[in-house]
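A short write-up of the structure that comes next.
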Protein chains: 2
Amino acid sequence: MSVTIKDVAKAAKVSVATVSRALNGHESVSADARKRVIDAARKLRYVPHSAARSLITRRTQTIGVLLPDLHGEFFSELIRGIDQAARREGLHILVSSSHDDAKEAVAAIRTMSGRVDGLLIMSPHIDARLLKDTLPTGLPIVLMNTPVDDVDYDTIAIDNYWGAHAMIRHLVGRGYRSIALIAGPEHNFDAKERLRGYRDALAELLPDSPERIFSGDFSEESGYRAGQRIIGLRDRPDAVFAANDMMAVGCQFALTEVGLQVPRDIGLAGFDDIPMARFVSPPLTTVRVRIAELGQQALERLVAGFSPQDNV
Amino acid sequence: MSVTIKDVAKAAKVSVATVSRALNGHESVSADARKRVIDAARKLRYVPHSAARSLITRRTQTIGVLLPDLHGEFFSELIRGIDQAARREGLHILVSSSHDDAKEAVAAIRTMSGRVDGLLIMSPHIDARLLKDTLPTGLPIVLMNTPVDDVDYDTIAIDNYWGAHAMIRHLVGRGYRSIALIAGPEHNFDAKERLRGYRDALAELLPDSPERIFSGDFSEESGYRAGQRIIGLRDRPDAVFAANDMMAVGCQFALTEVGLQVPRDIGLAGFDDIPMARFVSPPLTTVRVRIAELGQQALERLVAGFSPQDNV
DNA sequence: GTGTTTCATGTAAACGTTTACATTGACTCC
DNA sequence: GGAGTCAATGTAAACGTTTACATGAAACAC
């Protein structure tokens with residue numbers, strides 16, 4: 001059915017070895033032969049069977065990207081950054097997502113690991129032991145925002161702690177004196193780090209002001225509900241720091257609903273810098289994270305970890 | 001180095017054929033043998049070499065997704081829909097983007113087509129002839145929002161024409177009598193269709209009102225500039241229909257900058273329904289397109305086109 | 001008991017590449 | 001003109017699977 005290297009060889013009147021060499025830009029093949037091969041390949045619309053090639057080269061030129069979800073601009077930006085770096089390196093990217101639980105994530109890693117040269121993983125449900133049990137040895141991986149303190153794995157992360165810390169500093173600098181936090185999911189790594197940043201910054205900068213933490217789960221809805229709870233308080237905080245932008249947006253709904261204006265009546269800040277944040281009016285104050293850049297760096301780190309033989 | 005089916009066979013004391021059969025859930029393999037194989041595979045952390053399998057099964061269990069860009073929520077939603085449908089079908093997705101010109105897109109199709117079972121293409125620069133020249137025969141593809149009137153290719157598209165038409169109808173119903181359009185890029189298929197919808201609806205519903213078309217390129221910036229031009233007009237339109245949401249947001253900036261309130265002073269509508277649209281205040285009136293759904297349907301259409309033998 | 005069927009398993013070919021090694025012919029050097 | 005070198009090409013093995021076919025044993029019918 002499909003056209004193989006043999007067909008090209010026949011058409012160009014050379015051996016398959018010469019076709020392979022010509023198409024892969026090897027040195028010693030005459031200009032004449034090369035031309036005949038290339039013409040024949042084009043005419044036959046030959047596409048190398050990448051599986052056959054991978055089988056022998058032991059490279060797939062593909063890296064797997066495992067994400068917890070694809071919802072929202074955070075992931076879109078992340079993928080964009082990864083894709084950009086990948087195309088520069090001549091790599092394809094295999095995307096997988098929606099891993100609500102560890103079991104599913106493990107299964108995904110399994111099926112992916114057979115078809116990629118490396119893995120980029122962002123998964124809140126993955127820990128070092130699980131990885132050790134799942135991963136075939138020798139497959140390079142880079143973890144993104146994942147709480148693994150095992151030196152065996154390369155990790156790259158948003159600086160959640162200092163980002164949150166800096167935001168509190170900023171709010172205090174603006175004169176706010178009672179700052180509430182809408183926290184993220186209890187077991188989420190990012191959320192925990194941001195919470196830690198909030199706590200430490202508060203203890204440091206406003207030692208007399210109590211922590212005021214409202215639970216949330218990163219959804220807009222939860223931000224909205226937290227906002228309503230905050231409104232109802234007798235001694236309302238004068239600023240709210242939401243652990244991500246979605247919750248900040250939700251909170252803002254709740255505030256404006258009862259006539260409170262930001263920032264006139266109450267301060268409001270978020271975390272993430274999804275580009276969306278700029279469009280909300282008034283624009284959200286938010287911790288800027290160059291998400292696409294994070295993706296790029298992760299991919300570059302991964303490639304750097306490849307064994308030296310593939311300096312193609 | 002890596003563990004192969006032979007290692008598993010040795011460990012389980014059976015032949016490679018039995019291992020293959022056991023692992024792929026074939027009928028005739030004794031419970032005893034199956035158990036030994038599965039245990040051995042788990043212990044050795046065996047992952048089938050997918051390239052070797054693809055070589056013989058002629059299936060990669062992967063579909064390629066070619067997008068013009070990855071920027072913004074439109075694509076994020078689209079990928080999410082595709083991914084969702086793909087995982088249901090047990091397929092992986094290979095994502096590729098940033099194809100500013102036809103040449104790059106062709107190259108991308110080439111490299112992808114060797115490693116996928118089917119292709120989902122959204123590319124403004126692709127036309128039927130180019131596809132015919134590039135595609136290996138027999139590879140199923142589905143085009144998304146691509147202007148190809150060739151019966152050979154399956155196409156799925158947002159209904160730009162009727163969407164725009166409906167929006168004008170809606171605005172007229174609200175009492176607006178002079179409706180301007182901020183158009184998209186001149187050669188973009190979606191933009192052209194929306195323009196056509198605007199024109200026809202206007203001719204039909206407000207035959208006495210002239211077309212008022214301002215150029216744009218789908219960027220927020222261009223919407224902003226169009227908004228400024230509109231503000232400066234002596235006989236300002238009483239509503240503006242932007243051909244996508246980004247431009248609507250940009251236009252809104254321009255309007256509020258000079259104190260014009262939407263919708264009190266002027267009507268404003270967009271097209272796309274990126275989730276973002278809900279967060280702008282006041283919420284943007286926009287043509288709702290279920291983007292994730294579009295992606296899902298596209299994938300399902302693609303799978304439906306696979307040859308019958310792969311009812312795995 | 002023999003002949004037949006059925007089931008579990010093994011053997012080996014095939015998939016489409018890349019590449020180590022072998023071969024060929026032309027050229028250089030003395 | 002023969003030995004040696006080198007460039008261009010060909011031959012065939014190897015990669016790790018799946019599966020058609022072969023084999024052998026057990027079960028069954030008579």
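In the structure tokens, each chain is lettered A, B, ... as it comes, each chain's residues begin at 1, and ligands are numbered from 1 in order of appearance.
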Taking a cut-off of 9 Å and counting only C-alpha atoms, can you build a table that, for each residue of chain A near chain B, reports the nearest atom pair and how far apart they are in Å (one decimal), sorted by chain then residue number, as CSV?
```
residue,atom,partner,partner_atom,distance
A:Met1,CA,B:Gly138,CA,8.9
A:Ser2,CA,B:Thr137,CA,7.8
A:Val3,CA,B:Pro136,CA,8.8
A:Leu44,CA,B:Pro136,CA,8.9
A:Arg45,CA,B:Pro136,CA,6.2
A:Tyr46,CA,B:Pro136,CA,7.5
A:Val47,CA,B:Gly114,CA,5.8
A:Pro48,CA,B:Gly114,CA,6.2
A:His49,CA,B:Gly114,CA,5.4
A:Ser50,CA,B:Gly114,CA,5.7
A:Ala51,CA,B:Ala51,CA,4.3
A:Ala52,CA,B:Leu55,CA,5.7
A:Arg53,CA,B:Ala51,CA,8.3
A:Ser54,CA,B:Ala51,CA,6.1
A:Leu55,CA,B:Ala51,CA,5.6
A:Thr60,CA,B:Ala51,CA,8.2
A:Thr62,CA,B:Leu94,CA,8.8
A:Asp69,CA,B:Arg80,CA,8.3
A:Leu70,CA,B:Arg80,CA,5.6
A:His71,CA,B:Arg80,CA,6.9
A:Gly72,CA,B:Glu73,CA,6.5
A:Glu73,CA,B:Glu73,CA,5.7
A:Phe75,CA,B:Ser76,CA,7.5
A:Ser76,CA,B:Ser76,CA,5.1
A:Glu77,CA,B:His71,CA,6.9
A:Ile79,CA,B:Leu70,CA,7.7
A:Arg80,CA,B:Leu70,CA,5.6
A:Asp83,CA,B:Ser96,CA,7.2
A:Gln84,CA,B:Ser98,CA,8.0
A:Arg87,CA,B:Ser96,CA,8.3
A:His92,CA,B:Leu94,CA,6.9
A:Ile93,CA,B:Leu94,CA,5.7
A:Leu94,CA,B:Leu94,CA,4.5
A:Val95,CA,B:Ile93,CA,5.9
A:Ser96,CA,B:Asp83,CA,7.2
A:Ser97,CA,B:Asp83,CA,7.5
A:Ser98,CA,B:Gln84,CA,8.1
A:Arg110,CA,B:Val47,CA,6.9
A:Thr111,CA,B:Val47,CA,7.7
A:Met112,CA,B:His92,CA,8.4
A:Ser113,CA,B:Val47,CA,7.4
A:Gly114,CA,B:His49,CA,5.4
A:Arg115,CA,B:Ser50,CA,5.7
A:Asp133,CA,B:Arg45,CA,8.1
A:Thr134,CA,B:Arg45,CA,7.3
A:Leu135,CA,B:Arg45,CA,7.8
A:Pro136,CA,B:Arg45,CA,6.3
A:Thr137,CA,B:Ser2,CA,7.8
A:Gly138,CA,B:Ser2,CA,8.2
A:Val249,CA,B:Phe279,CA,7.3
A:Gly250,CA,B:Phe279,CA,8.9
A:Phe253,CA,B:Phe279,CA,8.9
A:Pro275,CA,B:Gly72,CA,8.3
A:Met276,CA,B:Met276,CA,6.5
A:Phe279,CA,B:Val280,CA,6.1
A:Val280,CA,B:Val280,CA,5.0
A:Ser281,CA,B:Ser281,CA,6.2
A:Pro282,CA,B:Ser281,CA,8.8
```
TODO: With a distance cut-off of 9 Å and only C-alpha atoms (C1' of nucleotides), select the neighbouring residues of Ala11 of chain B, excluding the residue or stretch itself and same-chain residues fewer than 4 positions from it, and output the selection as a list in words.
DONE: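 Residues meeting the cut-off are Lys6, Asp7, Arg36, Val37, Ala40, Ala41 and Leu44 of chain B.
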Write out the residues from the selection above, keeping N, CA and C atoms, as a short mmCIF file (atom, residue, chain, number, x, y, z; two decimals), in the first residue's frame.
```cif
data_model
loop_
_atom_site.label_atom_id
_atom_site.label_comp_id
_atom_site.auth_asym_id
_atom_site.auth_seq_id
_atom_site.Cartn_x
_atom_site.Cartn_y
_atom_site.Cartn_z
N LYS B 6 11.38 -10.27 24.97
CA LYS B 6 12.16 -11.48 25.17
C LYS B 6 12.52 -11.68 26.65
N ASP B 7 12.86 -10.59 27.28
CA ASP B 7 13.20 -10.68 28.70
C ASP B 7 12.01 -11.17 29.50
N ARG B 36 1.70 -15.62 34.97
CA ARG B 36 3.15 -15.57 35.02
C ARG B 36 3.68 -14.41 34.17
N VAL B 37 3.08 -14.26 33.00
CA VAL B 37 3.52 -13.20 32.10
C VAL B 37 3.28 -11.83 32.72
N ALA B 40 5.66 -11.14 35.53
CA ALA B 40 7.02 -10.89 35.04
C ALA B 40 7.10 -9.49 34.44
N ALA B 41 6.08 -9.13 33.66
CA ALA B 41 6.08 -7.82 33.01
C ALA B 41 6.10 -6.71 34.05
N LEU B 44 9.53 -6.56 35.84
CA LEU B 44 10.61 -6.00 35.01
C LEU B 44 10.30 -4.58 34.56
#
```
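Near chain A, within 10 Å and using only C-alpha atoms (C1' of nucleotides), the residues of chain C are DC15, DG16, DT17, DT18 and DT19 of chain C.
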TODO: For chain A, report every residue with an atom at most 7 Å from chain D (counting only C-alpha atoms (C1' of nucleotides)), formatted as a list of chain:residue names.
DONE: A:Ser15, A:Thr18, A:Ser28, A:Val29, A:Ser30, A:Leu55, A:Ile56
Hey, can you spit out that residue selection with N, CA and C atoms as a short mmCIF file (atom, residue, chain, number, x, y, z; two decimals), in the first residue's frame?
```cif
data_model
loop_
_atom_site.label_atom_id
_atom_site.label_comp_id
_atom_site.auth_asym_id
_atom_site.auth_seq_id
_atom_site.Cartn_x
_atom_site.Cartn_y
_atom_site.Cartn_z
N SER A 15 20.41 1.47 -4.26
CA SER A 15 20.03 0.57 -3.18
C SER A 15 19.33 1.34 -2.08
N THR A 18 21.58 3.67 -0.09
CA THR A 18 21.87 4.97 -0.68
C THR A 18 20.70 5.93 -0.48
N SER A 28 28.96 10.75 2.06
CA SER A 28 29.42 10.16 0.82
C SER A 28 28.31 9.58 -0.04
N VAL A 29 27.66 10.45 -0.75
CA VAL A 29 26.74 10.01 -1.78
C VAL A 29 26.85 11.05 -2.90
N SER A 30 27.00 10.56 -4.09
CA SER A 30 27.29 11.46 -5.21
C SER A 30 26.12 12.41 -5.47
N LEU A 55 12.62 2.32 15.64
CA LEU A 55 12.96 0.98 16.11
C LEU A 55 14.47 0.80 16.13
N ILE A 56 15.12 1.30 15.13
CA ILE A 56 16.55 1.08 15.05
C ILE A 56 17.39 2.21 15.65
#
```
- [ ] From a DSSP calculation on the backbone, collect every residue of segment 86-300 of chain A in alpha helix (DSSP H) and output the set as a PyMOL selection string.
- [x] chain A and resi 86-89+102-113+128-134+160-173+189-205+220-231+245-257+291-300
Could the residues in this selection be written to a file with C-alpha atoms, as a PDB file, in the first residue's frame?
```pdb
ATOM      1  CA  ALA A  86      10.327  21.786  20.881  1.00  0.00           C
ATOM      2  CA  ARG A  87      10.071  22.873  17.289  1.00  0.00           C
ATOM      3  CA  ARG A  88      13.388  24.609  17.674  1.00  0.00           C
ATOM      4  CA  GLU A  89      14.876  21.291  18.724  1.00  0.00           C
ATOM      5  CA  ALA A 102      -2.731   8.949  40.632  1.00  0.00           C
ATOM      6  CA  LYS A 103      -3.823   5.708  39.009  1.00  0.00           C
ATOM      7  CA  GLU A 104      -4.767   7.398  35.805  1.00  0.00           C
ATOM      8  CA  ALA A 105      -1.575   9.389  35.804  1.00  0.00           C
ATOM      9  CA  VAL A 106       0.466   6.248  36.224  1.00  0.00           C
ATOM     10  CA  ALA A 107      -1.347   4.616  33.338  1.00  0.00           C
ATOM     11  CA  ALA A 108      -0.706   7.646  31.190  1.00  0.00           C
ATOM     12  CA  ILE A 109       2.972   7.634  32.007  1.00  0.00           C
ATOM     13  CA  ARG A 110       3.115   3.979  31.112  1.00  0.00           C
ATOM     14  CA  THR A 111       1.581   4.280  27.710  1.00  0.00           C
ATOM     15  CA  MET A 112       3.502   7.412  26.910  1.00  0.00           C
ATOM     16  CA  SER A 113       6.859   6.228  28.054  1.00  0.00           C
ATOM     17  CA  ALA A 128       8.824  10.347  43.994  1.00  0.00           C
ATOM     18  CA  ARG A 129       8.065   6.803  45.028  1.00  0.00           C
ATOM     19  CA  LEU A 130       5.277   6.452  42.541  1.00  0.00           C
ATOM     20  CA  LEU A 131       7.518   7.738  39.816  1.00  0.00           C
ATOM     21  CA  LYS A 132      10.274   5.366  40.747  1.00  0.00           C
ATOM     22  CA  ASP A 133       7.847   2.477  40.511  1.00  0.00           C
ATOM     23  CA  THR A 134       6.366   3.546  37.227  1.00  0.00           C
ATOM     24  CA  ASN A 160       5.260  30.304  44.414  1.00  0.00           C
ATOM     25  CA  TYR A 161       6.691  31.108  47.766  1.00  0.00           C
ATOM     26  CA  TRP A 162       8.514  34.274  46.849  1.00  0.00           C
ATOM     27  CA  GLY A 163       5.794  35.317  44.451  1.00  0.00           C
ATOM     28  CA  ALA A 164       3.222  35.296  47.224  1.00  0.00           C
ATOM     29  CA  HIS A 165       5.699  36.874  49.592  1.00  0.00           C
ATOM     30  CA  ALA A 166       6.352  39.675  47.124  1.00  0.00           C
ATOM     31  CA  MET A 167       2.668  40.294  46.600  1.00  0.00           C
ATOM     32  CA  ILE A 168       2.046  40.738  50.319  1.00  0.00           C
ATOM     33  CA  ARG A 169       4.999  43.088  50.456  1.00  0.00           C
ATOM     34  CA  HIS A 170       3.463  45.029  47.604  1.00  0.00           C
ATOM     35  CA  LEU A 171       0.066  45.254  49.295  1.00  0.00           C
ATOM     36  CA  VAL A 172       1.613  46.335  52.563  1.00  0.00           C
ATOM     37  CA  GLY A 173       3.572  48.961  50.653  1.00  0.00           C
ATOM     38  CA  PHE A 189       1.715  21.985  45.989  1.00  0.00           C
ATOM     39  CA  ASP A 190       1.427  25.415  44.433  1.00  0.00           C
ATOM     40  CA  ALA A 191      -1.320  26.354  46.803  1.00  0.00           C
ATOM     41  CA  LYS A 192       0.655  25.257  49.829  1.00  0.00           C
ATOM     42  CA  GLU A 193       3.671  27.247  48.766  1.00  0.00           C
ATOM     43  CA  ARG A 194       1.637  30.370  48.192  1.00  0.00           C
ATOM     44  CA  LEU A 195       0.027  29.927  51.573  1.00  0.00           C
ATOM     45  CA  ARG A 196       3.452  29.610  53.135  1.00  0.00           C
ATOM     46  CA  GLY A 197       4.585  32.784  51.376  1.00  0.00           C
ATOM     47  CA  TYR A 198       1.513  34.618  52.663  1.00  0.00           C
ATOM     48  CA  ARG A 199       2.062  33.429  56.206  1.00  0.00           C
ATOM     49  CA  ASP A 200       5.731  34.233  56.363  1.00  0.00           C
ATOM     50  CA  ALA A 201       5.335  37.632  54.754  1.00  0.00           C
ATOM     51  CA  LEU A 202       2.494  38.500  57.081  1.00  0.00           C
ATOM     52  CA  ALA A 203       4.422  37.419  60.157  1.00  0.00           C
ATOM     53  CA  GLU A 204       7.337  39.456  58.992  1.00  0.00           C
ATOM     54  CA  LEU A 205       5.654  42.626  57.791  1.00  0.00           C
ATOM     55  CA  GLU A 220     -13.882  30.945  40.036  1.00  0.00           C
ATOM     56  CA  GLU A 221     -16.867  29.664  41.934  1.00  0.00           C
ATOM     57  CA  SER A 222     -14.880  29.123  45.111  1.00  0.00           C
ATOM     58  CA  GLY A 223     -13.436  32.621  44.836  1.00  0.00           C
ATOM     59  CA  TYR A 224     -16.941  33.965  44.549  1.00  0.00           C
ATOM     60  CA  ARG A 225     -18.067  32.139  47.654  1.00  0.00           C
ATOM     61  CA  ALA A 226     -15.027  33.257  49.614  1.00  0.00           C
ATOM     62  CA  GLY A 227     -15.744  36.809  48.519  1.00  0.00           C
ATOM     63  CA  GLN A 228     -19.261  36.557  49.884  1.00  0.00           C
ATOM     64  CA  ARG A 229     -17.970  35.276  53.187  1.00  0.00           C
ATOM     65  CA  ILE A 230     -15.492  38.137  53.368  1.00  0.00           C
ATOM     66  CA  ILE A 231     -18.156  40.724  52.673  1.00  0.00           C
ATOM     67  CA  ASP A 245      -6.463  34.655  39.250  1.00  0.00           C
ATOM     68  CA  MET A 246      -9.595  32.647  38.730  1.00  0.00           C
ATOM     69  CA  MET A 247     -10.514  32.982  42.361  1.00  0.00           C
ATOM     70  CA  ALA A 248      -9.638  36.664  42.247  1.00  0.00           C
ATOM     71  CA  VAL A 249     -12.070  37.121  39.406  1.00  0.00           C
ATOM     72  CA  GLY A 250     -14.747  35.213  41.270  1.00  0.00           C
ATOM     73  CA  CYS A 251     -14.129  37.261  44.355  1.00  0.00           C
ATOM     74  CA  GLN A 252     -14.400  40.448  42.390  1.00  0.00           C
ATOM     75  CA  PHE A 253     -17.842  39.395  41.189  1.00  0.00           C
ATOM     76  CA  ALA A 254     -18.933  38.975  44.764  1.00  0.00           C
ATOM     77  CA  LEU A 255     -17.514  42.357  45.716  1.00  0.00           C
ATOM     78  CA  THR A 256     -18.995  44.355  42.878  1.00  0.00           C
ATOM     79  CA  GLU A 257     -22.294  42.590  43.376  1.00  0.00           C
ATOM     80  CA  ILE A 291       4.205  30.781  31.956  1.00  0.00           C
ATOM     81  CA  ALA A 292       5.264  30.176  28.397  1.00  0.00           C
ATOM     82  CA  GLU A 293       8.819  30.745  29.508  1.00  0.00           C
ATOM     83  CA  LEU A 294       8.448  28.123  32.183  1.00  0.00           C
ATOM     84  CA  GLY A 295       7.396  25.640  29.525  1.00  0.00           C
ATOM     85  CA  GLN A 296      10.318  26.560  27.328  1.00  0.00           C
ATOM     86  CA  GLN A 297      12.805  26.185  30.098  1.00  0.00           C
ATOM     87  CA  ALA A 298      11.376  22.864  31.110  1.00  0.00           C
ATOM     88  CA  LEU A 299      11.787  21.524  27.616  1.00  0.00           C
ATOM     89  CA  GLU A 300      15.287  22.843  27.319  1.00  0.00           C
TER      90      GLU A 300
END
```
Open item on the list: Just to confirm, what's the straight-line distance from atom CA of Ile126 of chain A to atom CA of Asp101 of chain A in Å (one decimal)?
Closed with: 9.0 Å
Open item on the list: Using DSSP secondary structure from the backbone, list all strand (DSSP E or B) positions within segment 79-284 of chain B, as a ChimeraX atom specification.
Closed with: /B:92-96,118-121,141-144,154-156,179-182,212-214,239-242,267-272
